[in-house]
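Listing of structure.pdb; format and content: PDB, N, CA and C atoms.
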```pdb
ATOM      1  N   VAL A   1       1.005 -12.757  13.692
ATOM      2  CA  VAL A   1      -0.270 -12.159  13.315
ATOM      3  C   VAL A   1      -1.155 -13.260  12.716
ATOM      4  N   PRO A   2      -2.358 -13.386  13.232
ATOM      5  CA  PRO A   2      -3.261 -14.414  12.697
ATOM      6  C   PRO A   2      -3.593 -14.160  11.224
ATOM      7  N   PRO A   3      -3.693 -15.227  10.442
ATOM      8  CA  PRO A   3      -4.024 -15.068   9.010
ATOM      9  C   PRO A   3      -5.292 -14.272   8.773
ATOM     10  N   ARG A   4      -6.276 -14.398   9.657
ATOM     11  CA  ARG A   4      -7.533 -13.656   9.446
ATOM     12  C   ARG A   4      -7.293 -12.140   9.515
ATOM     13  N   ASP A   5      -6.303 -11.707  10.328
ATOM     14  CA  ASP A   5      -5.979 -10.280  10.404
ATOM     15  C   ASP A   5      -5.333  -9.801   9.106
ATOM     16  N   ILE A   6      -4.497 -10.650   8.521
ATOM     17  CA  ILE A   6      -3.869 -10.316   7.236
ATOM     18  C   ILE A   6      -4.949 -10.191   6.166
ATOM     19  N   ILE A   7      -5.837 -11.155   6.124
ATOM     20  CA  ILE A   7      -6.918 -11.131   5.133
ATOM     21  C   ILE A   7      -7.825  -9.918   5.353
ATOM     22  N   ALA A   8      -8.161  -9.643   6.601
ATOM     23  CA  ALA A   8      -9.021  -8.494   6.906
ATOM     24  C   ALA A   8      -8.359  -7.183   6.500
ATOM     25  N   ALA A   9      -7.040  -7.108   6.612
ATOM     26  CA  ALA A   9      -6.316  -5.880   6.256
ATOM     27  C   ALA A   9      -6.486  -5.531   4.783
ATOM     28  N   PHE A  10      -6.713  -6.519   3.933
ATOM     29  CA  PHE A  10      -6.926  -6.249   2.510
ATOM     30  C   PHE A  10      -8.209  -5.455   2.265
ATOM     31  N   GLY A  11      -9.058  -5.354   3.284
ATOM     32  CA  GLY A  11     -10.297  -4.582   3.161
ATOM     33  C   GLY A  11     -10.061  -3.114   2.836
ATOM     34  N   ILE A  12      -8.849  -2.614   3.094
ATOM     35  CA  ILE A  12      -8.569  -1.208   2.763
ATOM     36  C   ILE A  12      -8.649  -0.946   1.270
ATOM     37  N   PHE A  13      -8.535  -2.007   0.476
ATOM     38  CA  PHE A  13      -8.583  -1.849  -0.982
ATOM     39  C   PHE A  13      -9.995  -2.008  -1.548
ATOM     40  N   THR A  14     -10.966  -2.251  -0.694
ATOM     41  CA  THR A  14     -12.358  -2.375  -1.129
ATOM     42  C   THR A  14     -12.934  -0.968  -1.274
ATOM     43  N   PRO A  15     -13.336  -0.596  -2.475
ATOM     44  CA  PRO A  15     -13.784   0.780  -2.712
ATOM     45  C   PRO A  15     -14.897   1.260  -1.781
ATOM     46  N   THR A  16     -15.815   0.390  -1.421
ATOM     47  CA  THR A  16     -16.922   0.818  -0.569
ATOM     48  C   THR A  16     -16.484   1.094   0.868
ATOM     49  N   ASN A  17     -15.295   0.649   1.241
ATOM     50  CA  ASN A  17     -14.775   0.923   2.587
ATOM     51  C   ASN A  17     -14.088   2.281   2.674
ATOM     52  N   PHE A  18     -13.788   2.869   1.534
ATOM     53  CA  PHE A  18     -13.032   4.115   1.510
ATOM     54  C   PHE A  18     -13.882   5.250   2.076
ATOM     55  N   PRO A  19     -13.313   6.051   2.983
ATOM     56  CA  PRO A  19     -14.106   7.138   3.586
ATOM     57  C   PRO A  19     -14.427   8.247   2.582
ATOM     58  N   THR A  20     -15.596   8.806   2.721
ATOM     59  CA  THR A  20     -15.980   9.922   1.857
ATOM     60  C   THR A  20     -15.697  11.256   2.539
ATOM     61  N   ASP A  21     -15.381  11.218   3.811
ATOM     62  CA  ASP A  21     -15.049  12.422   4.579
ATOM     63  C   ASP A  21     -13.553  12.710   4.437
ATOM     64  N   ASP A  22     -13.206  13.859   3.865
ATOM     65  CA  ASP A  22     -11.801  14.214   3.651
ATOM     66  C   ASP A  22     -10.971  14.169   4.931
ATOM     67  N   ASN A  23     -11.589  14.440   6.067
ATOM     68  CA  ASN A  23     -10.865  14.431   7.339
ATOM     69  C   ASN A  23     -10.405  13.033   7.742
ATOM     70  N   LEU A  24     -11.042  12.014   7.193
ATOM     71  CA  LEU A  24     -10.707  10.638   7.545
ATOM     72  C   LEU A  24      -9.734   9.997   6.562
ATOM     73  N   VAL A  25      -9.521  10.619   5.424
ATOM     74  CA  VAL A  25      -8.708  10.015   4.368
ATOM     75  C   VAL A  25      -7.233   9.935   4.743
ATOM     76  N   SER A  26      -6.701  10.942   5.398
ATOM     77  CA  SER A  26      -5.256  10.986   5.634
ATOM     78  C   SER A  26      -4.740   9.783   6.418
ATOM     79  N   ASP A  27      -5.523   9.270   7.359
ATOM     80  CA  ASP A  27      -5.084   8.122   8.163
ATOM     81  C   ASP A  27      -5.706   6.804   7.728
ATOM     82  N   TYR A  28      -6.590   6.862   6.750
ATOM     83  CA  TYR A  28      -7.318   5.667   6.346
ATOM     84  C   TYR A  28      -6.366   4.553   5.907
ATOM     85  N   GLY A  29      -6.519   3.399   6.496
ATOM     86  CA  GLY A  29      -5.801   2.202   6.060
ATOM     87  C   GLY A  29      -4.331   2.143   6.399
ATOM     88  N   ASP A  30      -3.806   3.153   7.079
ATOM     89  CA  ASP A  30      -2.367   3.165   7.348
ATOM     90  C   ASP A  30      -1.936   1.984   8.221
ATOM     91  N   GLY A  31      -2.697   1.680   9.253
ATOM     92  CA  GLY A  31      -2.365   0.551  10.122
ATOM     93  C   GLY A  31      -2.449  -0.772   9.393
ATOM     94  N   GLU A  32      -3.479  -0.916   8.577
ATOM     95  CA  GLU A  32      -3.652  -2.137   7.805
ATOM     96  C   GLU A  32      -2.530  -2.295   6.784
ATOM     97  N   LEU A  33      -2.151  -1.182   6.140
ATOM     98  CA  LEU A  33      -1.069  -1.249   5.168
ATOM     99  C   LEU A  33       0.244  -1.642   5.853
ATOM    100  N   GLU A  34       0.482  -1.097   7.035
ATOM    101  CA  GLU A  34       1.697  -1.450   7.768
ATOM    102  C   GLU A  34       1.695  -2.941   8.112
ATOM    103  N   LEU A  35       0.553  -3.457   8.514
ATOM    104  CA  LEU A  35       0.434  -4.883   8.800
ATOM    105  C   LEU A  35       0.759  -5.706   7.558
ATOM    106  N   LEU A  36       0.206  -5.310   6.425
ATOM    107  CA  LEU A  36       0.474  -6.024   5.172
ATOM    108  C   LEU A  36       1.948  -5.917   4.768
ATOM    109  N   MET A  37       2.518  -4.723   4.913
ATOM    110  CA  MET A  37       3.929  -4.553   4.547
ATOM    111  C   MET A  37       4.820  -5.413   5.434
ATOM    112  N   ASN A  38       4.544  -5.437   6.725
ATOM    113  CA  ASN A  38       5.347  -6.264   7.628
ATOM    114  C   ASN A  38       5.240  -7.738   7.268
ATOM    115  N   HIS A  39       4.051  -8.156   6.898
ATOM    116  CA  HIS A  39       3.838  -9.560   6.545
ATOM    117  C   HIS A  39       4.519  -9.915   5.225
ATOM    118  N   PHE A  40       4.336  -9.076   4.212
ATOM    119  CA  PHE A  40       4.832  -9.419   2.878
ATOM    120  C   PHE A  40       6.248  -8.932   2.601
ATOM    121  N   SER A  41       6.791  -8.075   3.426
ATOM    122  CA  SER A  41       8.158  -7.593   3.172
ATOM    123  C   SER A  41       9.183  -8.682   3.415
ATOM    124  N   LYS A  42       8.792  -9.778   4.007
ATOM    125  CA  LYS A  42       9.699 -10.890   4.246
ATOM    126  C   LYS A  42       9.991 -11.651   2.957
ATOM    127  N   ALA A  43       9.157 -11.494   1.954
ATOM    128  CA  ALA A  43       9.295 -12.277   0.725
ATOM    129  C   ALA A  43      10.348 -11.704  -0.233
ATOM    130  N   PRO A  44      10.008 -10.746  -1.055
ATOM    131  CA  PRO A  44      10.993 -10.276  -2.048
ATOM    132  C   PRO A  44      11.957  -9.236  -1.475
ATOM    133  N   GLU A  45      13.201  -9.354  -1.863
ATOM    134  CA  GLU A  45      14.201  -8.394  -1.404
ATOM    135  C   GLU A  45      13.999  -7.024  -2.046
ATOM    136  N   SER A  46      13.315  -6.977  -3.162
ATOM    137  CA  SER A  46      13.117  -5.717  -3.862
ATOM    138  C   SER A  46      11.969  -4.899  -3.266
ATOM    139  N   PHE A  47      11.294  -5.421  -2.251
ATOM    140  CA  PHE A  47      10.174  -4.718  -1.633
ATOM    141  C   PHE A  47      10.697  -3.494  -0.896
ATOM    142  N   ASN A  48      10.113  -2.334  -1.204
ATOM    143  CA  ASN A  48      10.561  -1.082  -0.613
ATOM    144  C   ASN A  48       9.380  -0.441   0.107
ATOM    145  N   THR A  49       9.428  -0.439   1.442
ATOM    146  CA  THR A  49       8.301   0.094   2.205
ATOM    147  C   THR A  49       8.114   1.589   1.984
ATOM    148  N   GLU A  50       9.205   2.319   1.784
ATOM    149  CA  GLU A  50       9.101   3.768   1.569
ATOM    150  C   GLU A  50       8.324   4.068   0.292
ATOM    151  N   VAL A  51       8.648   3.350  -0.761
ATOM    152  CA  VAL A  51       7.943   3.539  -2.034
ATOM    153  C   VAL A  51       6.479   3.122  -1.887
ATOM    154  N   THR A  52       6.258   2.041  -1.157
ATOM    155  CA  THR A  52       4.888   1.570  -0.944
ATOM    156  C   THR A  52       4.061   2.624  -0.216
ATOM    157  N   LEU A  53       4.626   3.237   0.808
ATOM    158  CA  LEU A  53       3.901   4.282   1.544
ATOM    159  C   LEU A  53       3.623   5.492   0.657
ATOM    160  N   GLU A  54       4.572   5.873  -0.182
ATOM    161  CA  GLU A  54       4.364   6.996  -1.112
ATOM    162  C   GLU A  54       3.240   6.672  -2.085
ATOM    163  N   GLN A  55       3.236   5.444  -2.601
ATOM    164  CA  GLN A  55       2.199   5.042  -3.544
ATOM    165  C   GLN A  55       0.834   4.977  -2.862
ATOM    166  N   TRP A  56       0.802   4.541  -1.620
ATOM    167  CA  TRP A  56      -0.453   4.482  -0.868
ATOM    168  C   TRP A  56      -1.034   5.880  -0.683
ATOM    169  N   GLU A  57      -0.189   6.835  -0.321
ATOM    170  CA  GLU A  57      -0.660   8.213  -0.136
ATOM    171  C   GLU A  57      -1.186   8.773  -1.461
ATOM    172  N   ALA A  58      -0.487   8.489  -2.562
ATOM    173  CA  ALA A  58      -0.932   8.959  -3.880
ATOM    174  C   ALA A  58      -2.267   8.315  -4.253
ATOM    175  N   LEU A  59      -2.407   7.027  -3.962
ATOM    176  CA  LEU A  59      -3.656   6.335  -4.266
ATOM    177  C   LEU A  59      -4.809   6.910  -3.454
ATOM    178  N   LYS A  60      -4.589   7.146  -2.166
ATOM    179  CA  LYS A  60      -5.645   7.721  -1.332
ATOM    180  C   LYS A  60      -6.057   9.091  -1.855
ATOM    181  N   SER A  61      -5.099   9.890  -2.266
ATOM    182  CA  SER A  61      -5.405  11.217  -2.801
ATOM    183  C   SER A  61      -6.221  11.104  -4.082
ATOM    184  N   ASP A  62      -5.826  10.198  -4.951
ATOM    185  CA  ASP A  62      -6.536  10.016  -6.220
ATOM    186  C   ASP A  62      -7.967   9.534  -5.982
ATOM    187  N   ILE A  63      -8.128   8.546  -5.115
ATOM    188  CA  ILE A  63      -9.466   8.025  -4.839
ATOM    189  C   ILE A  63     -10.338   9.100  -4.194
ATOM    190  N   SER A  64      -9.774   9.833  -3.253
ATOM    191  CA  SER A  64     -10.518  10.897  -2.585
ATOM    192  C   SER A  64     -10.988  11.944  -3.591
ATOM    193  N   SER A  65     -10.123  12.302  -4.522
ATOM    194  CA  SER A  65     -10.464  13.272  -5.555
ATOM    195  C   SER A  65     -11.589  12.744  -6.456
ATOM    196  N   ARG A  66     -11.502  11.472  -6.797
ATOM    197  CA  ARG A  66     -12.537  10.873  -7.653
ATOM    198  C   ARG A  66     -13.882  10.803  -6.925
ATOM    199  N   ILE A  67     -13.841  10.508  -5.637
ATOM    200  CA  ILE A  67     -15.084  10.480  -4.857
ATOM    201  C   ILE A  67     -15.701  11.870  -4.820
ATOM    202  N   ALA A  68     -14.874  12.885  -4.595
ATOM    203  CA  ALA A  68     -15.381  14.264  -4.562
ATOM    204  C   ALA A  68     -15.985  14.645  -5.909
ATOM    205  N   ASP A  69     -15.316  14.283  -7.010
ATOM    206  CA  ASP A  69     -15.840  14.576  -8.344
ATOM    207  C   ASP A  69     -17.186  13.879  -8.576
ATOM    208  N   ALA A  70     -17.278  12.628  -8.143
ATOM    209  CA  ALA A  70     -18.524  11.879  -8.319
ATOM    210  C   ALA A  70     -19.646  12.493  -7.488
ATOM    211  N   GLN A  71     -19.314  12.940  -6.287
ATOM    212  CA  GLN A  71     -20.326  13.568  -5.439
ATOM    213  C   GLN A  71     -20.810  14.879  -6.054
ATOM    214  N   GLU A  72     -19.891  15.657  -6.625
ATOM    215  CA  GLU A  72     -20.275  16.907  -7.289
ATOM    216  C   GLU A  72     -21.160  16.633  -8.494
ATOM    217  N   ALA A  73     -20.799  15.627  -9.273
ATOM    218  CA  ALA A  73     -21.591  15.282 -10.454
ATOM    219  C   ALA A  73     -22.983  14.811 -10.037
ATOM    220  N   GLN A  74     -23.051  14.033  -8.971
ATOM    221  CA  GLN A  74     -24.347  13.553  -8.490
ATOM    222  C   GLN A  74     -25.197  14.720  -7.993
ATOM    223  N   ALA A  75     -24.574  15.649  -7.291
ATOM    224  CA  ALA A  75     -25.312  16.820  -6.792
ATOM    225  C   ALA A  75     -25.846  17.653  -7.947
ATOM    226  N   ALA A  76     -25.047  17.839  -8.992
ATOM    227  CA  ALA A  76     -25.497  18.606 -10.159
ATOM    228  C   ALA A  76     -26.648  17.898 -10.859
ATOM    229  N   SER A  77     -26.538  16.589 -10.977
ATOM    230  CA  SER A  77     -27.604  15.813 -11.602
ATOM    231  C   SER A  77     -28.885  15.874 -10.770
ATOM    232  N   ASP A  78     -28.734  15.759  -9.471
ATOM    233  CA  ASP A  78     -29.902  15.851  -8.582
ATOM    234  C   ASP A  78     -30.572  17.216  -8.702
ATOM    235  N   GLN A  79     -29.763  18.268  -8.815
ATOM    236  CA  GLN A  79     -30.306  19.623  -8.937
ATOM    237  C   GLN A  79     -31.090  19.783 -10.241
ATOM    238  N   LYS A  80     -30.526  19.267 -11.341
ATOM    239  CA  LYS A  80     -31.227  19.339 -12.627
ATOM    240  C   LYS A  80     -32.545  18.591 -12.564
ATOM    241  N   LEU A  81     -32.522  17.428 -11.939
ATOM    242  CA  LEU A  81     -33.743  16.631 -11.824
ATOM    243  C   LEU A  81     -34.787  17.364 -10.992
ATOM    244  N   LYS A  82     -34.357  17.964  -9.910
ATOM    245  CA  LYS A  82     -35.270  18.712  -9.039
ATOM    246  C   LYS A  82     -35.894  19.888  -9.793
ATOM    247  N   GLU A  83     -35.056  20.623 -10.533
ATOM    248  CA  GLU A  83     -35.557  21.771 -11.292
ATOM    249  C   GLU A  83     -36.546  21.329 -12.370
ATOM    250  N   ALA A  84     -36.232  20.222 -13.029
ATOM    251  CA  ALA A  84     -37.124  19.724 -14.072
ATOM    252  C   ALA A  84     -38.458  19.285 -13.474
ATOM    253  N   GLU A  85     -38.390  18.634 -12.316
ATOM    254  CA  GLU A  85     -39.629  18.214 -11.658
ATOM    255  C   GLU A  85     -40.464  19.419 -11.237
ATOM    256  N   GLU A  86     -39.796  20.438 -10.697
ATOM    257  CA  GLU A  86     -40.512  21.641 -10.253
ATOM    258  C   GLU A  86     -41.181  22.348 -11.428
ATOM    259  N   ASN A  87     -40.545  22.306 -12.596
ATOM    260  CA  ASN A  87     -41.079  22.971 -13.787
ATOM    261  C   ASN A  87     -41.956  22.045 -14.622
ATOM    262  N   ASP A  88     -42.094  20.808 -14.144
ATOM    263  CA  ASP A  88     -42.871  19.805 -14.875
ATOM    264  C   ASP A  88     -42.414  19.737 -16.333
ATOM    265  N   ASP A  89     -41.123  19.777 -16.527
ATOM    266  CA  ASP A  89     -40.508  19.775 -17.853
ATOM    267  C   ASP A  89     -40.113  18.345 -18.218
ATOM    268  N   LYS A  90     -40.931  17.704 -19.067
ATOM    269  CA  LYS A  90     -40.712  16.308 -19.409
ATOM    270  C   LYS A  90     -39.406  16.084 -20.178
ATOM    271  N   LYS A  91     -39.041  16.986 -21.070
ATOM    272  CA  LYS A  91     -37.788  16.853 -21.808
ATOM    273  C   LYS A  91     -36.587  16.984 -20.886
ATOM    274  N   ALA A  92     -36.634  17.939 -19.981
ATOM    275  CA  ALA A  92     -35.547  18.125 -19.024
ATOM    276  C   ALA A  92     -35.466  16.929 -18.060
ATOM    277  N   LEU A  93     -36.618  16.387 -17.677
ATOM    278  CA  LEU A  93     -36.627  15.215 -16.815
ATOM    279  C   LEU A  93     -35.950  14.042 -17.508
ATOM    280  N   GLN A  94     -36.282  13.838 -18.761
ATOM    281  CA  GLN A  94     -35.676  12.739 -19.527
ATOM    282  C   GLN A  94     -34.167  12.949 -19.645
ATOM    283  N   ALA A  95     -33.754  14.159 -19.919
ATOM    284  CA  ALA A  95     -32.320  14.459 -20.056
ATOM    285  C   ALA A  95     -31.592  14.274 -18.717
ATOM    286  N   ALA A  96     -32.242  14.627 -17.629
ATOM    287  CA  ALA A  96     -31.606  14.506 -16.312
ATOM    288  C   ALA A  96     -31.435  13.044 -15.918
ATOM    289  N   VAL A  97     -32.364  12.208 -16.348
ATOM    290  CA  VAL A  97     -32.285  10.796 -16.008
ATOM    291  C   VAL A  97     -31.214  10.100 -16.850
ATOM    292  N   GLU A  98     -31.025  10.558 -18.061
ATOM    293  CA  GLU A  98     -30.025   9.933 -18.951
ATOM    294  C   GLU A  98     -28.700  10.425 -18.550
TER     295      GLU A  98
END
```
Kindly transcribe the structure held in the file into structure tokens.
Amino acid sequence: VPPRDIIAAFGIFTPTNFPTDDNLVSDYGDGELELLMNHFSKAPESFNTEVTLEQWEALKSDISSRIADAQEAQAASDQKLKEAEENDDKKALQAAVE
């Protein structure tokens, strides 16, 4: 495997690459992780691919949940801002921006 492919596979850990669509999360990064595991499993004898896959699935679930929470919070904030603008409420506008 060319070194550039190994380096590119690390892109799965870049937060901005993570899918926001729940339908895409289940398979996200699995091929890249397998490439990394195959490459790095040659080093330490204590490397356990099964544990790594379990941890990857847990991490994807956690990140997906955090993205959903952030999207909900942003939607609520946007709604408050919209309502404040519609009511021309300067105090509510200030609170929505903070």
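Atom C of Ile6 in chain A is found 23.7 Å from atom C of Ser61 in chain A.
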From a DSSP pass on the backbone, collect the residues of chain A flagged as alpha helix (DSSP H) and hand them back as a ChimeraX atom specification.
-> /A:3-9,22-25,30-40,49-86,90-97
Residue contacts of Ser64 in chain A (8 Å, only N, CA and C atoms) excluding same-chain residues fewer than 4 positions away, as a ChimeraX atom specification | /A:19-22,25,58-60,68-70
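Proximity of A:Arg66, A:Phe18, A:Gln55, A:Ile12 to Asp30 in chain A, computed with only N, CA and C atoms, is greatest for A:Ile12.
Across the structure, atom C of Val51 in chain A and CA of Asp27 in chain A are spaced 16.1 Å apart.
Closest approach to Ala9 in chain A among A:Ser26, A:Asp88, A:Glu32, A:Lys82 is made by A:Glu32 (distances from all atoms listed in the file).
CA of Asn38 in chain A sits 13.8 Å away from atom C of Leu53 in chain A.
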So which residues get picked by the PyMOL selection byres (((chain A and resi 37 and name CA) around 12) and name CA) here, written as a tab-separated table (two decimals) with N, CA and C atoms, in the frame of the given file?
```tsv
chain	number	residue	atom	x	y	z
A	6	ILE	N	-4.50	-10.65	8.52
A	6	ILE	CA	-3.87	-10.32	7.24
A	6	ILE	C	-4.95	-10.19	6.17
A	9	ALA	N	-7.04	-7.11	6.61
A	9	ALA	CA	-6.32	-5.88	6.26
A	9	ALA	C	-6.49	-5.53	4.78
A	10	PHE	N	-6.71	-6.52	3.93
A	10	PHE	CA	-6.93	-6.25	2.51
A	10	PHE	C	-8.21	-5.46	2.26
A	29	GLY	N	-6.52	3.40	6.50
A	29	GLY	CA	-5.80	2.20	6.06
A	29	GLY	C	-4.33	2.14	6.40
A	30	ASP	N	-3.81	3.15	7.08
A	30	ASP	CA	-2.37	3.16	7.35
A	30	ASP	C	-1.94	1.98	8.22
A	31	GLY	N	-2.70	1.68	9.25
A	31	GLY	CA	-2.37	0.55	10.12
A	31	GLY	C	-2.45	-0.77	9.39
A	32	GLU	N	-3.48	-0.92	8.58
A	32	GLU	CA	-3.65	-2.14	7.80
A	32	GLU	C	-2.53	-2.30	6.78
A	33	LEU	N	-2.15	-1.18	6.14
A	33	LEU	CA	-1.07	-1.25	5.17
A	33	LEU	C	0.24	-1.64	5.85
A	34	GLU	N	0.48	-1.10	7.04
A	34	GLU	CA	1.70	-1.45	7.77
A	34	GLU	C	1.70	-2.94	8.11
A	35	LEU	N	0.55	-3.46	8.51
A	35	LEU	CA	0.43	-4.88	8.80
A	35	LEU	C	0.76	-5.71	7.56
A	36	LEU	N	0.21	-5.31	6.42
A	36	LEU	CA	0.47	-6.02	5.17
A	36	LEU	C	1.95	-5.92	4.77
A	38	ASN	N	4.54	-5.44	6.72
A	38	ASN	CA	5.35	-6.26	7.63
A	38	ASN	C	5.24	-7.74	7.27
A	39	HIS	N	4.05	-8.16	6.90
A	39	HIS	CA	3.84	-9.56	6.54
A	39	HIS	C	4.52	-9.91	5.22
A	40	PHE	N	4.34	-9.08	4.21
A	40	PHE	CA	4.83	-9.42	2.88
A	40	PHE	C	6.25	-8.93	2.60
A	41	SER	N	6.79	-8.07	3.43
A	41	SER	CA	8.16	-7.59	3.17
A	41	SER	C	9.18	-8.68	3.42
A	42	LYS	N	8.79	-9.78	4.01
A	42	LYS	CA	9.70	-10.89	4.25
A	42	LYS	C	9.99	-11.65	2.96
A	43	ALA	N	9.16	-11.49	1.95
A	43	ALA	CA	9.30	-12.28	0.72
A	43	ALA	C	10.35	-11.70	-0.23
A	44	PRO	N	10.01	-10.75	-1.06
A	44	PRO	CA	10.99	-10.28	-2.05
A	44	PRO	C	11.96	-9.24	-1.48
A	47	PHE	N	11.29	-5.42	-2.25
A	47	PHE	CA	10.17	-4.72	-1.63
A	47	PHE	C	10.70	-3.49	-0.90
A	48	ASN	N	10.11	-2.33	-1.20
A	48	ASN	CA	10.56	-1.08	-0.61
A	48	ASN	C	9.38	-0.44	0.11
A	49	THR	N	9.43	-0.44	1.44
A	49	THR	CA	8.30	0.09	2.20
A	49	THR	C	8.11	1.59	1.98
A	50	GLU	N	9.20	2.32	1.78
A	50	GLU	CA	9.10	3.77	1.57
A	50	GLU	C	8.32	4.07	0.29
A	51	VAL	N	8.65	3.35	-0.76
A	51	VAL	CA	7.94	3.54	-2.03
A	51	VAL	C	6.48	3.12	-1.89
A	52	THR	N	6.26	2.04	-1.16
A	52	THR	CA	4.89	1.57	-0.94
A	52	THR	C	4.06	2.62	-0.22
A	53	LEU	N	4.63	3.24	0.81
A	53	LEU	CA	3.90	4.28	1.54
A	53	LEU	C	3.62	5.49	0.66
A	56	TRP	N	0.80	4.54	-1.62
A	56	TRP	CA	-0.45	4.48	-0.87
A	56	TRP	C	-1.03	5.88	-0.68
```
